[in-house]
Amino acid sequence: MSESILVVDDNLDNLDLTQILLECDGFQVRRAEDAVQALHQLEDYRPNLILMDVQLPGMDGLELTRRLRQDPSFDGVIIVALSAYAMDAEKANARAARCDGYITKPIDTRTFASVVREYLEFPVRASLDRGFPS
């Protein structure tokens, strides 16, 4: 069985692109356009990984991450922030919200699926190597 991923992003073009890239690499992908849709999906679905856009309408992605981290049933779910901001302060905010990593947009279409796979296979190393400074 392939790994399952929930992509949460309010930009439909980003959703389409990430879904295509990930499905072409064998992942099962579900989508949500905002925090409300994500919470609805997560009522009966536990993906292996959530790709969380930081800037969402209404409840932002970091607040959603904080809420999910309060629920022990999400302890094994890897959450990786997606953001157009590559500043250290943004990465620190994602880490404080208990994201497991950080991917900067625009994504590199050539390496995106392999970067996501690294988070699934080696979450701690991928977080240090690609997402957060040690």
# chains A, B, ... in the order shown; residues from 1 in each chain; ligands from 1

call {"tool": "residues_around", "arguments": {"residues": "Leu42 of chain A", "least_positions_apart": "5", "cutoff": "10 Å", "atoms": "only C-alpha atoms", "output": "MDAnalysis selection string"}}
result
chainID A and resid 6 36:37 47 68 74

call {"tool": "write_last_selection", "arguments": {"atoms": "C-alpha atoms", "output": "compact mmCIF listing (two decimals), in the first residue's frame"}}
result
# COMPACT_ATOMS: atom_id res chain seq x y z
CA LEU A 6 -3.20 15.26 2.72
CA VAL A 36 -12.24 23.57 7.84
CA GLN A 37 -12.02 21.16 4.89
CA PRO A 47 -2.64 10.27 6.40
CA LEU A 68 -3.77 18.69 15.50
CA PHE A 74 -2.06 12.62 15.27

call {"tool": "atom_distance", "arguments": {"atom1": "atom CA of Arg98 of chain A", "atom2": "atom CA of Leu64 of chain A"}}
result
10.6 Å

call {"tool": "residues_around", "arguments": {"residues": "Val54 of chain A", "least_positions_apart": "3", "cutoff": "10 Å", "atoms": "only C-alpha atoms", "output": "list in words"}}
result
Val8, Asp9, Asp10, Leu51, Pro57, Met59, Asp60, Gly61, Leu62, Glu63, Leu64, Thr65, Val80, Ala81, Leu82, Ser83, Ala84, Tyr85, Glu90, Asn93, Ala94 and Tyr102 of chain A

call {"tool": "write_last_selection", "arguments": {"atoms": "N, CA and C atoms", "output": "short mmCIF file (atom, residue, chain, number, x, y, z; two decimals), in the first residue's frame"}}
result
data_model
loop_
_atom_site.label_atom_id
_atom_site.label_comp_id
_atom_site.auth_asym_id
_atom_site.auth_seq_id
_atom_site.Cartn_x
_atom_site.Cartn_y
_atom_site.Cartn_z
N VAL A 8 -2.94 20.51 2.11
CA VAL A 8 -3.83 21.60 2.52
C VAL A 8 -3.26 22.89 1.93
N ASP A 9 -3.97 23.46 0.96
CA ASP A 9 -3.50 24.68 0.29
C ASP A 9 -4.70 25.38 -0.32
N ASP A 10 -4.79 26.69 -0.15
CA ASP A 10 -5.93 27.43 -0.69
C ASP A 10 -5.75 27.81 -2.16
N LEU A 51 0.91 17.98 4.13
CA LEU A 51 1.62 19.14 3.60
C LEU A 51 0.72 20.33 3.88
N PRO A 57 -6.79 30.90 4.45
CA PRO A 57 -7.83 31.83 4.89
C PRO A 57 -8.48 31.31 6.18
N MET A 59 -8.52 30.10 9.66
CA MET A 59 -7.48 29.52 10.52
C MET A 59 -6.26 29.21 9.67
N ASP A 60 -5.10 29.77 10.03
CA ASP A 60 -3.90 29.52 9.22
C ASP A 60 -3.34 28.12 9.50
N GLY A 61 -2.41 27.71 8.67
CA GLY A 61 -1.87 26.36 8.75
C GLY A 61 -1.12 26.07 10.04
N LEU A 62 -0.50 27.08 10.63
CA LEU A 62 0.22 26.84 11.88
C LEU A 62 -0.75 26.65 13.04
N GLU A 63 -1.85 27.39 13.05
CA GLU A 63 -2.87 27.19 14.08
C GLU A 63 -3.50 25.81 13.93
N LEU A 64 -3.77 25.41 12.70
CA LEU A 64 -4.32 24.07 12.47
C LEU A 64 -3.32 23.01 12.95
N THR A 65 -2.06 23.20 12.68
CA THR A 65 -1.04 22.26 13.14
C THR A 65 -1.03 22.19 14.66
N VAL A 80 4.41 18.80 7.45
CA VAL A 80 5.45 19.61 6.83
C VAL A 80 4.81 20.91 6.34
N ALA A 81 5.34 22.03 6.81
CA ALA A 81 4.83 23.34 6.41
C ALA A 81 5.26 23.66 4.98
N LEU A 82 4.37 24.29 4.25
CA LEU A 82 4.67 24.80 2.91
C LEU A 82 4.49 26.31 2.97
N SER A 83 5.50 27.05 2.54
CA SER A 83 5.39 28.51 2.60
C SER A 83 6.24 29.17 1.53
N ALA A 84 5.77 30.31 1.08
CA ALA A 84 6.55 31.12 0.14
C ALA A 84 7.63 31.92 0.86
N TYR A 85 7.60 31.90 2.18
CA TYR A 85 8.57 32.66 2.96
C TYR A 85 9.68 31.74 3.45
N GLU A 90 10.12 32.56 9.94
CA GLU A 90 8.99 31.73 9.50
C GLU A 90 9.24 30.26 9.83
N ASN A 93 8.69 29.77 13.49
CA ASN A 93 7.25 29.72 13.80
C ASN A 93 6.67 28.34 13.48
N ALA A 94 7.09 27.78 12.36
CA ALA A 94 6.61 26.43 11.99
C ALA A 94 7.12 25.40 12.98
N TYR A 102 9.81 21.84 6.73
CA TYR A 102 9.45 23.08 6.06
C TYR A 102 9.92 22.99 4.61
#

call {"tool": "closest_residue", "arguments": {"among": "A:Gln28, A:Ser73, A:Ser2, A:Thr18", "to": "Thr109 of chain A", "atoms": "only C-alpha atoms"}}
result
A:Thr18

call {"tool": "atom_distance", "arguments": {"atom1": "atom CA of Ala96 of chain A", "atom2": "atom CA of Arg110 of chain A"}}
result
29.2 Å

call {"tool": "atom_distance", "arguments": {"atom1": "atom CA of Tyr119 of chain A", "atom2": "atom CA of Leu22 of chain A"}}
result
13.3 Å

call {"tool": "select_by_dssp", "arguments": {"residues": "chain A", "states": "strand (DSSP E or B)", "output": "ChimeraX atom specification"}}
result
/A:4-8,28-32,49-53,78-83,101-104

call {"tool": "write_last_selection", "arguments": {"atoms": "C-alpha atoms", "output": "PDB file, in the first residue's frame"}}
result
ATOM      1  CA  SER A   4      -1.114   8.661   2.048  1.00  0.00           C
ATOM      2  CA  ILE A   5      -0.774  12.436   2.027  1.00  0.00           C
ATOM      3  CA  LEU A   6      -3.205  15.258   2.723  1.00  0.00           C
ATOM      4  CA  VAL A   7      -2.308  18.490   0.927  1.00  0.00           C
ATOM      5  CA  VAL A   8      -3.830  21.602   2.517  1.00  0.00           C
ATOM      6  CA  GLN A  28      -2.296   8.449  -2.420  1.00  0.00           C
ATOM      7  CA  VAL A  29      -3.342  12.095  -2.203  1.00  0.00           C
ATOM      8  CA  ARG A  30      -6.314  13.873  -0.693  1.00  0.00           C
ATOM      9  CA  ARG A  31      -6.813  17.639  -0.804  1.00  0.00           C
ATOM     10  CA  ALA A  32      -8.261  20.391   1.329  1.00  0.00           C
ATOM     11  CA  LEU A  49       1.922  13.032   6.104  1.00  0.00           C
ATOM     12  CA  ILE A  50       0.206  16.415   5.843  1.00  0.00           C
ATOM     13  CA  LEU A  51       1.619  19.138   3.598  1.00  0.00           C
ATOM     14  CA  MET A  52       0.342  22.269   5.310  1.00  0.00           C
ATOM     15  CA  ASP A  53       0.252  25.666   3.617  1.00  0.00           C
ATOM     16  CA  ILE A  78       4.220  13.974   9.903  1.00  0.00           C
ATOM     17  CA  ILE A  79       3.294  17.610   9.232  1.00  0.00           C
ATOM     18  CA  VAL A  80       5.448  19.609   6.825  1.00  0.00           C
ATOM     19  CA  ALA A  81       4.832  23.340   6.410  1.00  0.00           C
ATOM     20  CA  LEU A  82       4.666  24.805   2.911  1.00  0.00           C
ATOM     21  CA  SER A  83       5.390  28.506   2.598  1.00  0.00           C
ATOM     22  CA  GLY A 101       9.691  20.209   8.485  1.00  0.00           C
ATOM     23  CA  TYR A 102       9.448  23.077   6.059  1.00  0.00           C
ATOM     24  CA  ILE A 103       9.365  23.245   2.269  1.00  0.00           C
ATOM     25  CA  THR A 104       9.644  26.602   0.531  1.00  0.00           C
TER      26      THR A 104
END

call {"tool": "closest_residue", "arguments": {"among": "A:Asp88, A:Asp13, A:Asp100, A:Glu118", "to": "Gly76 of chain A", "atoms": "only C-alpha atoms"}}
result
A:Asp100

call {"tool": "select_by_dssp", "arguments": {"residues": "segment 2-133 of chain A", "states": "alpha helix (DSSP H)", "output": "PyMOL selection string"}}
result
chain A and resi 12-24+35-41+61-69+88-96+112-121+123-126

call {"tool": "write_last_selection", "arguments": {"atoms": "N, CA and C atoms", "output": "short mmCIF file (atom, residue, chain, number, x, y, z; two decimals), in the first residue's frame"}}
result
data_model
loop_
_atom_site.label_atom_id
_atom_site.label_comp_id
_atom_site.auth_asym_id
_atom_site.auth_seq_id
_atom_site.Cartn_x
_atom_site.Cartn_y
_atom_site.Cartn_z
N LEU A 12 -5.60 26.65 -5.80
CA LEU A 12 -5.98 25.46 -6.57
C LEU A 12 -4.88 25.00 -7.51
N ASP A 13 -4.12 25.92 -8.08
CA ASP A 13 -3.01 25.54 -8.95
C ASP A 13 -1.95 24.77 -8.16
N ASN A 14 -1.66 25.22 -6.94
CA ASN A 14 -0.71 24.50 -6.09
C ASN A 14 -1.23 23.12 -5.73
N LEU A 15 -2.53 23.04 -5.42
CA LEU A 15 -3.13 21.74 -5.11
C LEU A 15 -3.01 20.79 -6.29
N ASP A 16 -3.35 21.28 -7.48
CA ASP A 16 -3.27 20.43 -8.67
C ASP A 16 -1.85 19.96 -8.92
N LEU A 17 -0.90 20.87 -8.84
CA LEU A 17 0.49 20.53 -9.11
C LEU A 17 1.03 19.52 -8.11
N THR A 18 0.83 19.78 -6.82
CA THR A 18 1.35 18.84 -5.82
C THR A 18 0.67 17.48 -5.94
N GLN A 19 -0.63 17.46 -6.21
CA GLN A 19 -1.32 16.19 -6.37
C GLN A 19 -0.75 15.39 -7.54
N ILE A 20 -0.56 16.03 -8.67
CA ILE A 20 -0.01 15.34 -9.85
C ILE A 20 1.38 14.81 -9.56
N LEU A 21 2.24 15.64 -9.00
CA LEU A 21 3.62 15.21 -8.72
C LEU A 21 3.65 14.03 -7.76
N LEU A 22 2.84 14.09 -6.72
CA LEU A 22 2.85 13.04 -5.72
C LEU A 22 2.20 11.76 -6.23
N GLU A 23 1.09 11.87 -6.95
CA GLU A 23 0.44 10.68 -7.48
C GLU A 23 1.31 9.99 -8.53
N CYS A 24 2.04 10.77 -9.32
CA CYS A 24 2.95 10.18 -10.30
C CYS A 24 4.08 9.40 -9.62
N ALA A 35 -8.57 25.11 6.41
CA ALA A 35 -8.52 24.35 7.65
C ALA A 35 -9.82 23.60 7.92
N VAL A 36 -10.95 24.21 7.60
CA VAL A 36 -12.24 23.57 7.84
C VAL A 36 -12.35 22.29 7.01
N GLN A 37 -11.99 22.36 5.73
CA GLN A 37 -12.02 21.16 4.89
C GLN A 37 -11.03 20.12 5.40
N ALA A 38 -9.87 20.56 5.84
CA ALA A 38 -8.87 19.62 6.36
C ALA A 38 -9.41 18.90 7.59
N LEU A 39 -9.99 19.65 8.53
CA LEU A 39 -10.54 19.04 9.74
C LEU A 39 -11.65 18.05 9.40
N HIS A 40 -12.47 18.41 8.42
CA HIS A 40 -13.53 17.50 7.99
C HIS A 40 -12.94 16.19 7.45
N GLN A 41 -11.93 16.30 6.59
CA GLN A 41 -11.27 15.11 6.04
C GLN A 41 -10.66 14.26 7.16
N GLY A 61 -2.41 27.71 8.67
CA GLY A 61 -1.87 26.36 8.75
C GLY A 61 -1.12 26.07 10.04
N LEU A 62 -0.50 27.08 10.63
CA LEU A 62 0.22 26.84 11.88
C LEU A 62 -0.75 26.65 13.04
N GLU A 63 -1.85 27.39 13.05
CA GLU A 63 -2.87 27.19 14.08
C GLU A 63 -3.50 25.81 13.93
N LEU A 64 -3.77 25.41 12.70
CA LEU A 64 -4.32 24.07 12.47
C LEU A 64 -3.32 23.01 12.95
N THR A 65 -2.06 23.20 12.68
CA THR A 65 -1.04 22.26 13.14
C THR A 65 -1.03 22.19 14.66
N ARG A 66 -1.08 23.33 15.34
CA ARG A 66 -1.11 23.33 16.81
C ARG A 66 -2.31 22.54 17.33
N ARG A 67 -3.45 22.72 16.71
CA ARG A 67 -4.66 21.99 17.13
C ARG A 67 -4.51 20.49 16.91
N LEU A 68 -3.95 20.11 15.77
CA LEU A 68 -3.77 18.69 15.50
C LEU A 68 -2.78 18.08 16.49
N ARG A 69 -1.75 18.80 16.84
CA ARG A 69 -0.73 18.29 17.76
C ARG A 69 -1.27 18.11 19.18
N ASP A 88 14.21 32.73 8.38
CA ASP A 88 14.42 31.93 9.57
C ASP A 88 13.27 32.09 10.56
N ALA A 89 12.72 33.30 10.67
CA ALA A 89 11.61 33.53 11.60
C ALA A 89 10.39 32.69 11.23
N GLU A 90 10.12 32.56 9.94
CA GLU A 90 8.99 31.73 9.50
C GLU A 90 9.24 30.26 9.83
N LYS A 91 10.46 29.82 9.62
CA LYS A 91 10.80 28.43 9.95
C LYS A 91 10.69 28.21 11.45
N ALA A 92 11.11 29.18 12.24
CA ALA A 92 11.01 29.07 13.70
C ALA A 92 9.55 29.00 14.13
N ASN A 93 8.69 29.77 13.49
CA ASN A 93 7.25 29.72 13.80
C ASN A 93 6.67 28.34 13.48
N ALA A 94 7.09 27.78 12.36
CA ALA A 94 6.61 26.43 11.99
C ALA A 94 7.12 25.40 12.98
N ARG A 95 8.35 25.51 13.37
CA ARG A 95 8.91 24.57 14.36
C ARG A 95 8.18 24.72 15.69
N ALA A 96 7.90 25.96 16.11
CA ALA A 96 7.19 26.19 17.37
C ALA A 96 5.78 25.61 17.33
N PHE A 112 10.50 17.49 -5.75
CA PHE A 112 9.47 17.60 -4.72
C PHE A 112 9.05 16.25 -4.14
N ALA A 113 8.70 15.30 -5.00
CA ALA A 113 8.24 14.00 -4.51
C ALA A 113 9.32 13.29 -3.70
N SER A 114 10.57 13.40 -4.11
CA SER A 114 11.64 12.74 -3.36
C SER A 114 11.88 13.42 -2.02
N VAL A 115 11.71 14.74 -1.95
CA VAL A 115 11.83 15.45 -0.68
C VAL A 115 10.72 15.00 0.28
N VAL A 116 9.51 14.88 -0.23
CA VAL A 116 8.40 14.40 0.59
C VAL A 116 8.67 12.98 1.06
N ARG A 117 9.18 12.14 0.19
CA ARG A 117 9.49 10.75 0.55
C ARG A 117 10.55 10.71 1.66
N GLU A 118 11.51 11.61 1.61
CA GLU A 118 12.52 11.66 2.68
C GLU A 118 11.89 11.93 4.03
N TYR A 119 10.91 12.81 4.08
CA TYR A 119 10.23 13.07 5.34
C TYR A 119 9.53 11.81 5.86
N LEU A 120 9.00 11.00 4.96
CA LEU A 120 8.33 9.77 5.37
C LEU A 120 9.32 8.70 5.82
N GLU A 121 10.44 8.61 5.14
CA GLU A 121 11.40 7.55 5.43
C GLU A 121 12.35 7.91 6.56
N PRO A 123 12.19 11.05 8.93
CA PRO A 123 11.65 12.36 9.30
C PRO A 123 12.62 13.26 10.06
N VAL A 124 13.40 12.72 10.96
CA VAL A 124 14.30 13.58 11.74
C VAL A 124 15.43 14.11 10.86
N ARG A 125 16.04 13.22 10.09
CA ARG A 125 17.14 13.66 9.22
C ARG A 125 16.64 14.64 8.17
N ALA A 126 15.48 14.36 7.57
CA ALA A 126 14.95 15.26 6.54
C ALA A 126 14.65 16.63 7.14
#
